[in-house]
Amino acid sequence: MFTAGAHFGLGRSRRHPTVSPYIFGTKNTTDIFDLEKTADILEKTKAIIVSLAKESKTVLFIGGKKEASIAVKNAAMSINMPYVDGRWIGGTLSNFGQIRKRVDRYEKLIADKEKGELVKYTKRERMLIDKEIASLEKMFYGIVGLKKIPEAVFIIDPRREKNAVKEAQDMGVTVIALAGSDCNISEVKYPIVGNDASKASIQFFLGEIVKAYQAGKVK
């Protein structure tokens, strides 16, 4: 964790009070996490992930900021889980039925295109369909495999993804998150308090979650 820079928080002035028990100290106005405490909560969280995997439960990975998006996508795909690596689309959980209809529309258009069934349309109509496919793909590609509301979400930076957190809470979905020093961790059922702003730290924690899920599947 130290090598990945997981101990770095943000400036002390940005610290959320709920994170204070996990702060070791401050260096040059930057909060430093107590990695012993972080390691402890990480192990407890991994146990939760293992239990979810043992029951083949779905975990939706969420992280749209640039430092997280690629890592979130790769981590989720490595264990065949759905993901959101861009802007959170309102209603993804709270209005899942309507969102699923749009995903189904995307899948149908792709299938029709692959089977050559779009040739019956004019060139202009095909161009408009291609634009629709591109738009739907950008929004929903990561959740094509999400056929029902997930049992849990794993979120990078719950402060940034507050809308996803709120929807998950409203729908009774377990919220697990990597939370930086500016996050209100009282809103997260299983917060992992650490650096949620650097690629190396994000990749480290995602890697640990992935390994835990894989271990649970084996068991």
# chains A, B, ... in the order shown; residues from 1 in each chain; ligands from 1
call {"tool": "select_by_dssp", "arguments": {"residues": "segment 111-212 of chain A", "states": "strand (DSSP E or B)", "output": "ChimeraX atom specification"}}
result
/A:152-156,174-179,190-193
call {"tool": "residues_around", "arguments": {"residues": "segment 7-9 of chain A", "least_positions_apart": "6", "cutoff": "8 Å", "atoms": "only C-alpha atoms", "output": "PyMOL selection string"}}
result
chain A and resi 1+30-35+180-181+194-195
call {"tool": "atom_distance", "arguments": {"atom1": "atom CA of Leu146 of chain A", "atom2": "atom CA of Ala76 of chain A"}}
result
12.0 Å
call {"tool": "residues_around", "arguments": {"residues": "Ile110 of chain A", "least_positions_apart": "6", "cutoff": "12 Å", "atoms": "only C-alpha atoms", "output": "PyMOL selection string"}}
result
chain A and resi 103-104+116-118+129-134+136-137+141+144
call {"tool": "atom_distance", "arguments": {"atom1": "atom CA of Leu60 of chain A", "atom2": "atom CA of Leu178 of chain A"}}
result
13.8 Å
